[in-house]
$ cat protein_32.tsv   # TSV, C-alpha atoms
chain	number	residue	atom	x	y	z
C	1	MET	CA	95.28	71.13	99.06
C	2	ASN	CA	98.48	71.14	101.11
C	3	LYS	CA	100.29	74.23	102.41
C	4	ILE	CA	102.74	74.51	99.52
C	5	SER	CA	100.05	74.01	96.88
C	6	ARG	CA	97.92	76.76	98.42
C	7	LEU	CA	100.81	79.22	98.55
C	8	PHE	CA	101.87	78.55	94.99
C	9	SER	CA	98.41	78.40	93.46
C	10	ASP	CA	97.83	80.54	90.38
C	11	LYS	CA	95.19	82.51	92.27
C	12	CYS	CA	97.74	83.33	94.97
C	13	TYR	CA	100.15	84.67	92.37
C	14	ARG	CA	97.59	86.66	90.38
C	15	THR	CA	96.00	88.35	93.40
C	16	GLY	CA	99.22	90.03	94.44
C	17	VAL	CA	100.21	87.79	97.34
C	18	MET	CA	103.59	87.49	95.63
C	19	SER	CA	104.81	90.48	97.65
C	20	SER	CA	104.73	88.37	100.84
C	21	LEU	CA	105.03	84.92	99.31
C	22	GLY	CA	108.82	84.87	99.50
C	23	PHE	CA	108.69	85.57	103.23
C	24	ARG	CA	105.89	83.08	103.91
C	25	CYS	CA	107.94	80.45	102.08
C	26	GLY	CA	111.10	81.35	103.96
C	27	TRP	CA	111.92	77.70	104.59
C	28	LEU	CA	112.62	77.29	100.87
C	29	SER	CA	116.04	78.16	99.46
C	30	ASP	CA	116.21	80.97	96.92
C	31	GLU	CA	116.78	78.42	94.16
C	32	GLU	CA	113.85	76.21	95.13
C	33	PHE	CA	111.58	79.22	95.53
C	34	THR	CA	112.61	80.44	92.09
C	35	ARG	CA	111.98	77.05	90.52
C	36	ARG	CA	108.47	76.93	91.95
C	37	ILE	CA	107.53	80.48	90.92
C	38	TRP	CA	108.98	79.85	87.45
C	39	LYS	CA	106.83	76.74	87.02
C	40	LEU	CA	103.79	78.73	88.13
C	41	ARG	CA	104.61	81.70	85.90
C	42	PHE	CA	105.69	79.93	82.71
C	43	GLY	CA	104.32	76.41	83.07
C	44	SER	CA	107.70	74.73	82.56
C	45	GLU	CA	110.85	73.78	84.44
C	46	ILE	CA	113.59	76.40	84.51
C	47	ASN	CA	116.95	75.44	83.00
C	48	LEU	CA	119.59	76.68	85.43
C	49	GLN	CA	122.26	74.21	84.31
C	50	ASN	CA	122.38	75.65	80.79
C	51	PRO	CA	120.30	78.86	80.75
C	52	VAL	CA	119.66	80.25	77.27
C	53	THR	CA	116.71	82.66	77.44
C	54	TYR	CA	116.81	86.20	78.81
C	55	ASN	CA	114.69	85.31	81.83
C	56	GLU	CA	116.67	82.15	82.58
C	57	LYS	CA	119.93	84.08	82.51
C	58	ILE	CA	118.52	86.82	84.75
C	59	GLN	CA	117.51	84.10	87.21
C	60	TRP	CA	120.98	82.55	87.01
C	61	LEU	CA	122.61	85.90	87.72
C	62	LYS	CA	120.18	86.51	90.58
C	63	LEU	CA	120.93	83.16	92.18
C	64	PHE	CA	124.62	82.62	91.50
C	65	PHE	CA	126.37	85.92	90.68
C	66	HIS	CA	126.48	87.92	93.89
C	67	ASN	CA	128.71	90.90	93.27
C	68	PRO	CA	128.93	92.66	96.66
C	69	ASP	CA	129.05	96.06	94.90
C	70	TYR	CA	125.44	95.56	93.79
C	71	VAL	CA	124.17	96.25	97.31
C	72	ARG	CA	125.35	99.86	97.22
C	73	LEU	CA	124.38	100.22	93.58
C	74	VAL	CA	120.71	99.44	94.27
C	75	ASP	CA	120.56	101.57	97.42
C	76	LYS	CA	118.90	104.70	96.02
C	77	TYR	CA	120.81	106.99	98.38
C	78	GLU	CA	124.24	105.38	98.39
C	79	VAL	CA	124.33	104.97	94.60
C	80	LYS	CA	124.24	108.75	94.13
C	81	LYS	CA	127.79	109.02	95.46
C	82	ILE	CA	128.96	106.39	92.99
C	83	ILE	CA	127.20	108.05	90.05
C	84	ALA	CA	128.80	111.39	90.91
C	85	GLU	CA	132.23	109.74	90.90
C	86	LYS	CA	131.71	107.82	87.67
C	87	VAL	CA	129.97	110.32	85.40
C	88	GLY	CA	129.65	113.57	87.39
C	89	LYS	CA	127.43	115.09	90.05
C	90	GLU	CA	125.46	116.96	87.37
C	91	TYR	CA	123.64	113.68	86.64
C	92	VAL	CA	122.47	113.24	90.24
C	93	VAL	CA	119.04	114.44	91.39
C	94	PRO	CA	119.59	116.73	94.43
C	95	THR	CA	118.75	115.21	97.82
C	96	TYR	CA	117.27	117.31	100.65
C	97	GLY	CA	117.73	114.74	103.40
C	98	VAL	CA	117.61	111.07	104.39
C	99	TRP	CA	116.03	109.56	107.52
C	100	GLU	CA	115.52	106.16	109.12
C	101	ASP	CA	111.99	106.98	110.30
C	102	PHE	CA	109.21	108.92	108.63
C	103	ASP	CA	108.50	110.86	111.83
C	104	ASP	CA	112.05	112.26	111.83
C	105	ILE	CA	111.39	114.21	108.63
C	106	ASP	CA	111.39	117.99	109.15
C	107	PHE	CA	108.76	118.96	106.59
C	108	ASP	CA	109.16	122.66	107.40
C	109	SER	CA	112.67	122.52	105.97
C	110	LEU	CA	111.51	121.00	102.67
C	111	PRO	CA	110.38	123.03	99.64
C	112	ASP	CA	106.76	123.16	98.53
C	113	SER	CA	107.33	120.32	96.03
C	114	PHE	CA	109.51	117.25	96.56
C	115	VAL	CA	109.56	113.47	96.27
C	116	LEU	CA	109.84	111.02	99.15
C	117	LYS	CA	111.54	107.81	98.12
C	118	CYS	CA	112.46	104.73	100.11
C	119	THR	CA	116.07	103.83	99.48
C	120	HIS	CA	115.75	100.03	99.74
C	121	ASP	CA	112.80	98.94	97.63
C	122	SER	CA	110.77	99.44	94.47
C	123	GLY	CA	107.57	101.47	94.59
C	124	GLY	CA	108.11	103.16	97.95
C	125	VAL	CA	107.56	106.63	96.49
C	126	ALA	CA	105.33	109.59	97.35
C	127	VAL	CA	105.25	112.53	94.92
C	128	ILE	CA	104.42	115.75	96.76
C	129	ARG	CA	103.54	118.49	94.29
C	130	ASP	CA	102.13	120.89	96.91
C	131	LYS	CA	103.18	120.45	100.53
C	132	LYS	CA	100.23	122.45	101.83
C	133	ASN	CA	97.78	119.93	100.35
C	134	MET	CA	99.72	116.80	101.28
C	135	ASP	CA	97.69	114.02	102.90
C	136	ILE	CA	100.35	113.40	105.52
C	137	ALA	CA	98.46	110.52	107.15
C	138	ALA	CA	98.28	108.61	103.85
C	139	VAL	CA	101.90	109.35	103.02
C	140	ARG	CA	103.03	108.29	106.51
C	141	LYS	CA	101.09	105.03	106.24
C	142	LYS	CA	102.61	104.17	102.87
C	143	ILE	CA	106.21	105.06	103.73
C	144	LYS	CA	106.14	103.42	107.16
C	145	LYS	CA	104.81	100.22	105.62
C	146	CYS	CA	107.57	100.26	103.02
C	147	LEU	CA	110.25	100.90	105.66
C	148	LYS	CA	109.12	97.74	107.48
C	149	THR	CA	109.29	95.63	104.34
C	150	ASN	CA	112.41	93.82	103.13
C	151	PHE	CA	112.10	93.92	99.34
C	152	TYR	CA	114.29	90.82	99.04
C	153	TRP	CA	111.35	88.65	100.02
C	154	HIS	CA	109.29	89.80	97.04
C	155	GLY	CA	111.29	87.83	94.49
C	156	ARG	CA	114.42	86.70	96.36
C	157	GLU	CA	116.55	89.37	94.66
C	158	TRP	CA	119.53	88.98	96.98
C	159	GLN	CA	120.98	92.47	96.44
C	160	TYR	CA	118.09	94.06	98.35
C	161	LYS	CA	118.32	91.83	101.41
C	162	ASN	CA	120.82	93.79	103.50
C	163	ILE	CA	120.06	97.38	102.50
C	164	LYS	CA	119.32	99.62	105.48
C	165	PRO	CA	115.72	100.91	105.07
C	166	ARG	CA	115.62	104.70	104.89
C	167	VAL	CA	113.51	107.39	103.29
C	168	MET	CA	114.99	110.34	101.43
C	169	ALA	CA	113.53	113.53	100.07
C	170	GLU	CA	114.77	114.66	96.69
C	171	LYS	CA	113.99	117.37	94.19
C	172	TYR	CA	110.65	117.21	92.39
C	173	LEU	CA	111.34	117.03	88.67
C	174	GLU	CA	109.11	118.73	86.13
C	175	ASP	CA	109.87	119.43	82.51
C	176	GLN	CA	108.83	122.99	81.70
C	177	SER	CA	107.96	121.98	78.14
C	178	THR	CA	105.18	119.72	79.48
C	179	PRO	CA	104.15	121.13	82.89
C	180	GLY	CA	102.02	118.76	84.93
C	181	ALA	CA	102.86	115.74	82.78
C	182	GLN	CA	104.30	112.63	84.39
C	183	MET	CA	107.97	111.97	83.81
C	184	ILE	CA	109.13	109.71	81.00
C	185	ASP	CA	111.65	107.05	82.01
C	186	TYR	CA	114.34	105.92	79.59
C	187	LYS	CA	115.51	102.43	80.57
C	188	PHE	CA	118.60	101.11	78.80
C	189	PHE	CA	119.28	97.37	78.84
C	190	CYS	CA	123.06	97.07	78.94
C	191	PHE	CA	125.26	94.04	78.26
C	192	ASP	CA	128.92	94.11	79.32
C	193	GLY	CA	129.04	97.88	79.12
C	194	GLU	CA	127.07	98.29	75.91
C	195	PRO	CA	123.39	99.28	75.68
C	196	GLY	CA	121.47	96.91	73.40
C	197	PHE	CA	117.98	98.45	73.44
C	198	LEU	CA	115.73	100.45	75.76
C	199	TYR	CA	112.17	100.99	76.71
C	200	VAL	CA	110.34	104.20	77.45
C	201	SER	CA	107.71	104.24	80.17
C	202	GLN	CA	105.30	106.76	81.64
C	203	GLY	CA	102.33	106.94	83.98
C	204	PHE	CA	103.33	104.52	86.73
C	205	GLU	CA	101.68	106.65	89.41
C	206	ASN	CA	98.48	105.06	88.09
C	207	PRO	CA	99.02	101.47	86.87
C	208	HIS	CA	95.91	101.66	84.70
C	209	SER	CA	97.43	104.46	82.63
C	210	ALA	CA	101.01	103.17	82.56
C	211	ARG	CA	102.59	102.75	79.13
C	212	VAL	CA	105.73	100.82	78.15
C	213	SER	CA	107.28	100.44	74.68
C	214	PHE	CA	110.56	98.81	73.68
C	215	LEU	CA	112.75	100.65	71.19
C	216	THR	CA	115.96	100.13	69.30
C	217	LEU	CA	118.85	102.48	70.00
C	218	ASP	CA	118.03	104.45	66.84
C	219	TRP	CA	114.52	105.08	68.19
C	220	GLN	CA	112.56	102.58	66.14
C	221	LYS	CA	109.89	100.30	67.56
C	222	ALA	CA	111.35	96.95	68.61
C	223	ASP	CA	109.60	93.81	67.39
C	224	PHE	CA	108.83	92.69	70.95
C	225	GLN	CA	106.89	94.14	73.87
C	226	ARG	CA	105.98	93.29	77.44
C	227	THR	CA	102.58	91.73	77.94
C	228	ASP	CA	101.89	93.23	81.37
C	229	TYR	CA	101.60	96.88	80.23
C	230	LYS	CA	99.94	98.64	77.35
C	231	LYS	CA	102.12	100.13	74.62
C	232	PHE	CA	102.27	103.81	73.81
C	233	ASP	CA	99.70	104.71	71.17
C	234	LYS	CA	102.34	107.05	69.79
C	235	ILE	CA	105.99	106.73	70.67
C	236	PRO	CA	107.32	109.88	72.41
C	237	PRO	CA	109.89	111.82	70.40
C	238	ALA	CA	113.52	110.91	70.96
C	239	PRO	CA	115.08	113.03	73.71
C	240	SER	CA	117.66	115.58	72.63
C	241	GLY	CA	120.09	113.91	75.02
C	242	LEU	CA	119.77	110.40	73.55
C	243	GLU	CA	123.45	110.12	72.63
C	244	GLU	CA	124.41	111.43	76.08
C	245	MET	CA	122.16	108.80	77.62
C	246	LYS	CA	123.95	106.09	75.66
C	247	TYR	CA	127.27	107.44	76.95
C	248	VAL	CA	126.08	107.44	80.57
C	249	SER	CA	124.68	103.93	80.16
C	250	ARG	CA	128.00	102.67	78.85
C	251	GLU	CA	129.96	104.25	81.69
C	252	LEU	CA	127.65	102.93	84.39
C	253	SER	CA	127.47	99.40	83.01
C	254	ARG	CA	131.16	98.74	82.36
C	255	GLY	CA	132.27	95.38	83.74
C	256	ILE	CA	128.70	94.25	84.48
C	257	PRO	CA	127.22	91.24	82.61
C	258	PHE	CA	123.77	92.81	82.60
C	259	VAL	CA	122.17	95.89	84.14
C	260	ARG	CA	119.32	98.20	83.24
C	261	VAL	CA	120.31	101.87	83.49
C	262	ASP	CA	117.31	104.13	84.12
C	263	LEU	CA	117.53	107.79	83.16
C	264	TYR	CA	115.41	110.94	82.84
C	265	GLN	CA	115.69	114.06	80.75
C	266	VAL	CA	114.36	117.20	82.43
C	267	ASN	CA	114.57	120.62	80.78
C	268	GLY	CA	117.28	119.29	78.48
C	269	GLN	CA	119.33	117.79	81.31
C	270	VAL	CA	120.02	114.05	81.53
C	271	LEU	CA	119.58	112.73	85.08
C	272	PHE	CA	120.18	109.36	86.71
C	273	SER	CA	117.23	107.40	88.13
C	274	GLU	CA	118.43	103.95	89.24
C	275	LEU	CA	120.20	100.71	88.35
C	276	THR	CA	118.27	97.46	88.09
C	277	PHE	CA	120.11	94.14	87.89
C	278	THR	CA	117.15	91.75	87.82
C	279	PRO	CA	114.18	93.48	86.11
C	280	CYS	CA	110.82	91.94	87.05
C	281	GLY	CA	112.77	89.51	89.20
C	282	GLY	CA	113.53	87.52	86.05
C	283	TYR	CA	109.89	86.88	85.14
C	284	MET	CA	109.33	89.33	82.27
C	285	THR	CA	106.80	88.14	79.70
C	286	PHE	CA	107.05	89.07	76.02
C	287	ASP	CA	104.41	89.09	73.29
C	288	ASN	CA	106.81	87.47	70.82
C	289	PRO	CA	107.77	83.96	72.04
C	290	THR	CA	111.15	84.08	70.31
C	291	SER	CA	112.16	87.34	71.98
C	292	ASP	CA	113.13	85.69	75.26
C	293	LEU	CA	115.70	83.56	73.43
C	294	MET	CA	116.88	86.39	71.18
C	295	LEU	CA	117.49	88.68	74.18
C	296	GLY	CA	119.10	85.83	76.08
C	297	ASN	CA	121.75	85.61	73.37
C	298	MET	CA	122.82	89.13	74.32
C	299	ILE	CA	123.81	88.12	77.87
C	300	ASN	CA	127.22	86.51	78.32
C	301	LEU	CA	127.19	84.80	81.69
C	302	PRO	CA	130.42	85.18	83.70
C	303	GLU	CA	132.59	82.12	84.23
C	304	LYS	CA	133.46	83.02	87.80
C	305	MET	CA	132.22	85.04	90.74
C	306	PRO	CA	133.38	88.66	91.12
$ encode --input "protein_32.tsv" --output "structure tokens"
Amino acid sequence: MNKISRLFSDKCYRTGVMSSLGFRCGWLSDEEFTRRIWKLRFGSEINLQNPVTYNEKIQWLKLFFHNPDYVRLVDKYEVKKIIAEKVGKEYVVPTYGVWEDFDDIDFDSLPDSFVLKCTHDSGGVAVIRDKKNMDIAAVRKKIKKCLKTNFYWHGREWQYKNIKPRVMAEKYLEDQSTPGAQMIDYKFFCFDGEPGFLYVSQGFENPHSARVSFLTLDWQKADFQRTDYKKFDKIPPAPSGLEEMKYVSRELSRGIPFVRVDLYQVNGQVLFSELTFTPCGGYMTFDNPTSDLMLGNMINLPEKMP
């Protein structure tokens, strides 16, 4: 088996080597890398000349639509300034500080509960519910590793390539109606400034307990689901701020062909989480084979670069 075959073997993909595969295959262009991973993931050739499915169009946007504004919009620290300007600072989770190195953090100045979050990646998070019982060695190891990692190499999502790696501390969020429960995320898939559907998710601190369910905007179960996570046994009740969430999603997605707007609701208050332009890197799998095409019809690809 030659070098390329070994790197792109199904075993390599399934065992999690994907996180470093993009870097190890750095001699390949983003397009060629995408074509190879697509063939491995879906067993077919990707159609980039005339993309029609949701995943194909996400890949096309990832490869060919490089809006320079996206870099700030996916930087978890910088985007807060933009959100405050567009919809109001009341939607922004308070930040206690931001640092380039973990060892620069002044933990004495932080409250008993907080969240550490890397500003440049996905998953670089440490939830600290009680500072006195924090395993600082484990947290340091995780955050330092994330700070050394360029998330672009994971799936060649160009918008992450030139973000300055930093770690920020922000307010720990807990809904008083369900103390101790993990937060529910409300993720709105938006097309040219209009949300089309959403999914609710919970439990991502432990992947084995994570739940994801797609919903329509009137809070009914959608007829498609992701295959990589279990569905909710019972759909959570609609948040009281659902209409406000739709409003925020519209405002934050205006002028953008596609973006996922992620929100929370805590103690009745709608809060911004993040913007995601290429969910799952463009490799999302659905349980209904026709869903990929149906969702693809909702994306109108731009005719020219921004």
$ residues_around --input "protein_32.tsv" --residues "Val87 of chain C" --least-positions-apart "6" --cutoff "8 Å" --atoms "all atoms listed in the file" --output "ChimeraX atom specification"
/C:248,251-252
$ residues_near_point --input "protein_32.tsv" --point "(118.0, 81.7, 79.3)" --cutoff "9 Å" --atoms "only C-alpha atoms" --output "VMD selection string"
chain C and resid 46 to 48 50 to 60 292 to 293 295 to 297 299
$ closest_residue --input "protein_32.tsv" --among "C:Tyr77, C:Trp99, C:Tyr70, C:Phe107" --to "Phe277 of chain C" --atoms "only C-alpha atoms"
C:Tyr70
$ residues_around --input "protein_32.tsv" --residues "Lys148 of chain C" --least-positions-apart "5" --cutoff "10 Å" --atoms "all atoms listed in the file" --output "list in words"
Ile143, Pro165 and Arg166 of chain C
$ closest_residue --input "protein_32.tsv" --among "C:Lys80, C:Gly282, C:Arg24, C:Leu242" --to "Trp153 of chain C" --atoms "only C-alpha atoms"
C:Arg24
$ residues_around --input "protein_32.tsv" --residues "Val259 of chain C" --least-positions-apart "3" --cutoff "9 Å" --atoms "all atoms listed in the file" --output "NGL selection string"
:C and (188-193 or 252-253 or 256 or 275-279)
$ write_last_selection --input "protein_32.tsv" --atoms "C-alpha atoms" --output "compact mmCIF listing (two decimals), in the frame of the given file"
# COMPACT_ATOMS: atom_id res chain seq x y z
CA PHE C 188 118.60 101.11 78.80
CA PHE C 189 119.28 97.37 78.84
CA CYS C 190 123.06 97.07 78.94
CA PHE C 191 125.26 94.04 78.26
CA ASP C 192 128.92 94.11 79.32
CA GLY C 193 129.04 97.88 79.12
CA LEU C 252 127.65 102.93 84.39
CA SER C 253 127.47 99.40 83.01
CA ILE C 256 128.70 94.25 84.48
CA LEU C 275 120.20 100.71 88.35
CA THR C 276 118.27 97.46 88.09
CA PHE C 277 120.11 94.14 87.89
CA THR C 278 117.15 91.75 87.82
CA PRO C 279 114.18 93.48 86.11
$ closest_residue --input "protein_32.tsv" --among "C:Arg41, C:Asp130, C:Gly155, C:Val139" --to "Leu63 of chain C" --atoms "all atoms listed in the file"
C:Gly155
$ closest_residue --input "protein_32.tsv" --among "C:Glu170, C:Asp175, C:Glu194, C:Asp287" --to "Lys231 of chain C" --atoms "only C-alpha atoms"
C:Asp287
$ atom_distance --input "protein_32.tsv" --atom1 "atom CA of Lys76 of chain C" --atom2 "atom CA of Thr119 of chain C"
4.6 Å
$ closest_residue --input "protein_32.tsv" --among "C:Met168, C:Val200, C:Arg226, C:Tyr264" --to "Met284 of chain C" --atoms "all atoms listed in the file"
C:Arg226
$ residues_around --input "protein_32.tsv" --residues "Asp30 of chain C" --least-positions-apart "5" --cutoff "10 Å" --atoms "all atoms listed in the file" --output "JSON, numbers by chain"
{"C": [22, 25, 35, 62, 63, 153, 155, 156, 157, 158]}
$ atom_distance --input "protein_32.tsv" --atom1 "atom CA of Pro237 of chain C" --atom2 "atom CA of Gln220 of chain C"
10.5 Å
$ closest_residue --input "protein_32.tsv" --among "C:Phe286, C:Glu244, C:Ala181, C:Gln176" --to "Phe224 of chain C" --atoms "all atoms listed in the file"
C:Phe286
$ atom_distance --input "protein_32.tsv" --atom1 "atom CA of Ser291 of chain C" --atom2 "atom CA of Glu32 of chain C"
25.7 Å
$ axis_aligned_box --input "protein_32.tsv" --around "segment 56-74 of chain C" --padding-each-side "3 Å" --output "JSON"
{"center_x": 122.9, "center_y": 91.2, "center_z": 89.9, "size_x": 18.4, "size_y": 24.1, "size_z": 20.8}
$ residues_around --input "protein_32.tsv" --residues "Ser109 of chain C" --least-positions-apart "4" --cutoff "10 Å" --atoms "all atoms listed in the file" --output "list in words"
Tyr96, Gly97 and Ile105 of chain C
$ build_atoms --input "protein_32.tsv" --residues "segment 148-182 of chain C" --atoms "N, CA and C atoms" --output "mmCIF file, keeping the file's coordinate frame"
data_model
loop_
_atom_site.group_PDB
_atom_site.id
_atom_site.type_symbol
_atom_site.label_atom_id
_atom_site.label_comp_id
_atom_site.auth_asym_id
_atom_site.auth_seq_id
_atom_site.Cartn_x
_atom_site.Cartn_y
_atom_site.Cartn_z
ATOM 1 N N LYS C 148 109.159 98.996 106.724
ATOM 2 C CA LYS C 148 109.120 97.740 107.480
ATOM 3 C C LYS C 148 109.239 96.523 106.579
ATOM 4 N N THR C 149 109.288 96.735 105.289
ATOM 5 C CA THR C 149 109.290 95.630 104.340
ATOM 6 C C THR C 149 110.686 95.412 103.757
ATOM 7 N N ASN C 150 111.154 94.181 103.774
ATOM 8 C CA ASN C 150 112.410 93.820 103.130
ATOM 9 C C ASN C 150 112.087 93.377 101.706
ATOM 10 N N PHE C 151 112.474 94.173 100.725
ATOM 11 C CA PHE C 151 112.100 93.920 99.340
ATOM 12 C C PHE C 151 112.676 92.608 98.806
ATOM 13 N N TYR C 152 113.715 92.101 99.447
ATOM 14 C CA TYR C 152 114.290 90.820 99.040
ATOM 15 C C TYR C 152 113.251 89.715 98.988
ATOM 16 N N TRP C 153 112.319 89.734 99.934
ATOM 17 C CA TRP C 153 111.350 88.650 100.020
ATOM 18 C C TRP C 153 110.368 88.645 98.865
ATOM 19 N N HIS C 154 110.243 89.743 98.149
ATOM 20 C CA HIS C 154 109.290 89.800 97.040
ATOM 21 C C HIS C 154 109.625 88.795 95.948
ATOM 22 N N GLY C 155 110.893 88.742 95.566
ATOM 23 C CA GLY C 155 111.290 87.830 94.490
ATOM 24 C C GLY C 155 112.637 87.198 94.710
ATOM 25 N N ARG C 156 113.115 87.261 95.985
ATOM 26 C CA ARG C 156 114.420 86.700 96.360
ATOM 27 C C ARG C 156 115.554 87.333 95.553
ATOM 28 N N GLU C 157 115.465 88.643 95.316
ATOM 29 C CA GLU C 157 116.550 89.370 94.660
ATOM 30 C C GLU C 157 117.561 89.737 95.745
ATOM 31 N N TRP C 158 118.621 88.961 95.839
ATOM 32 C CA TRP C 158 119.530 88.980 96.980
ATOM 33 C C TRP C 158 120.104 90.359 97.283
ATOM 34 N N GLN C 159 120.300 91.191 96.243
ATOM 35 C CA GLN C 159 120.980 92.470 96.440
ATOM 36 C C GLN C 159 120.199 93.436 97.332
ATOM 37 N N TYR C 160 118.904 93.180 97.509
ATOM 38 C CA TYR C 160 118.090 94.060 98.350
ATOM 39 C C TYR C 160 118.030 93.606 99.806
ATOM 40 N N LYS C 161 118.546 92.443 100.102
ATOM 41 C CA LYS C 161 118.320 91.830 101.410
ATOM 42 C C LYS C 161 118.915 92.633 102.561
ATOM 43 N N ASN C 162 120.117 93.167 102.385
ATOM 44 C CA ASN C 162 120.820 93.790 103.500
ATOM 45 C C ASN C 162 120.944 95.314 103.382
ATOM 46 N N ILE C 163 120.075 95.920 102.577
ATOM 47 C CA ILE C 163 120.060 97.380 102.500
ATOM 48 C C ILE C 163 119.357 97.945 103.736
ATOM 49 N N LYS C 164 119.933 98.977 104.323
ATOM 50 C CA LYS C 164 119.320 99.620 105.480
ATOM 51 C C LYS C 164 118.115 100.440 105.020
ATOM 52 N N PRO C 165 116.905 100.167 105.515
ATOM 53 C CA PRO C 165 115.720 100.910 105.070
ATOM 54 C C PRO C 165 115.767 102.369 105.542
ATOM 55 N N ARG C 166 115.666 103.263 104.587
ATOM 56 C CA ARG C 166 115.620 104.700 104.890
ATOM 57 C C ARG C 166 114.674 105.379 103.907
ATOM 58 N N VAL C 167 114.317 106.602 104.215
ATOM 59 C CA VAL C 167 113.510 107.390 103.290
ATOM 60 C C VAL C 167 114.253 108.691 103.024
ATOM 61 N N MET C 168 114.317 109.091 101.773
ATOM 62 C CA MET C 168 114.990 110.340 101.430
ATOM 63 C C MET C 168 114.005 111.262 100.719
ATOM 64 N N ALA C 169 114.290 112.530 100.815
ATOM 65 C CA ALA C 169 113.530 113.530 100.070
ATOM 66 C C ALA C 169 114.452 114.085 98.996
ATOM 67 N N GLU C 170 113.968 114.115 97.770
ATOM 68 C CA GLU C 170 114.770 114.660 96.690
ATOM 69 C C GLU C 170 113.950 115.635 95.860
ATOM 70 N N LYS C 171 114.621 116.308 94.981
ATOM 71 C CA LYS C 171 113.990 117.370 94.190
ATOM 72 C C LYS C 171 112.863 116.822 93.323
ATOM 73 N N TYR C 172 111.756 117.555 93.285
ATOM 74 C CA TYR C 172 110.650 117.210 92.390
ATOM 75 C C TYR C 172 111.021 117.659 90.982
ATOM 76 N N LEU C 173 110.934 116.749 90.036
ATOM 77 C CA LEU C 173 111.340 117.030 88.670
ATOM 78 C C LEU C 173 110.126 117.309 87.802
ATOM 79 N N GLU C 174 110.183 118.396 87.071
ATOM 80 C CA GLU C 174 109.110 118.730 86.130
ATOM 81 C C GLU C 174 109.710 119.394 84.914
ATOM 82 N N ASP C 175 109.375 118.857 83.753
ATOM 83 C CA ASP C 175 109.870 119.430 82.510
ATOM 84 C C ASP C 175 108.991 120.617 82.127
ATOM 85 N N GLN C 176 109.599 121.775 81.982
ATOM 86 C CA GLN C 176 108.830 122.990 81.700
ATOM 87 C C GLN C 176 108.147 122.959 80.337
ATOM 88 N N SER C 177 108.603 122.077 79.453
ATOM 89 C CA SER C 177 107.960 121.980 78.140
ATOM 90 C C SER C 177 106.623 121.247 78.218
ATOM 91 N N THR C 178 106.448 120.446 79.280
ATOM 92 C CA THR C 178 105.180 119.720 79.480
ATOM 93 C C THR C 178 104.786 119.794 80.945
ATOM 94 N N PRO C 179 104.482 120.989 81.464
ATOM 95 C CA PRO C 179 104.150 121.130 82.890
ATOM 96 C C PRO C 179 102.956 120.277 83.286
ATOM 97 N N GLY C 180 103.095 119.610 84.429
ATOM 98 C CA GLY C 180 102.020 118.760 84.930
ATOM 99 C C GLY C 180 102.044 117.341 84.408
ATOM 100 N N ALA C 181 102.801 117.091 83.352
ATOM 101 C CA ALA C 181 102.860 115.740 82.780
ATOM 102 C C ALA C 181 103.764 114.845 83.617
ATOM 103 N N GLN C 182 103.449 113.561 83.662
ATOM 104 C CA GLN C 182 104.300 112.630 84.390
ATOM 105 C C GLN C 182 105.597 112.411 83.629
#
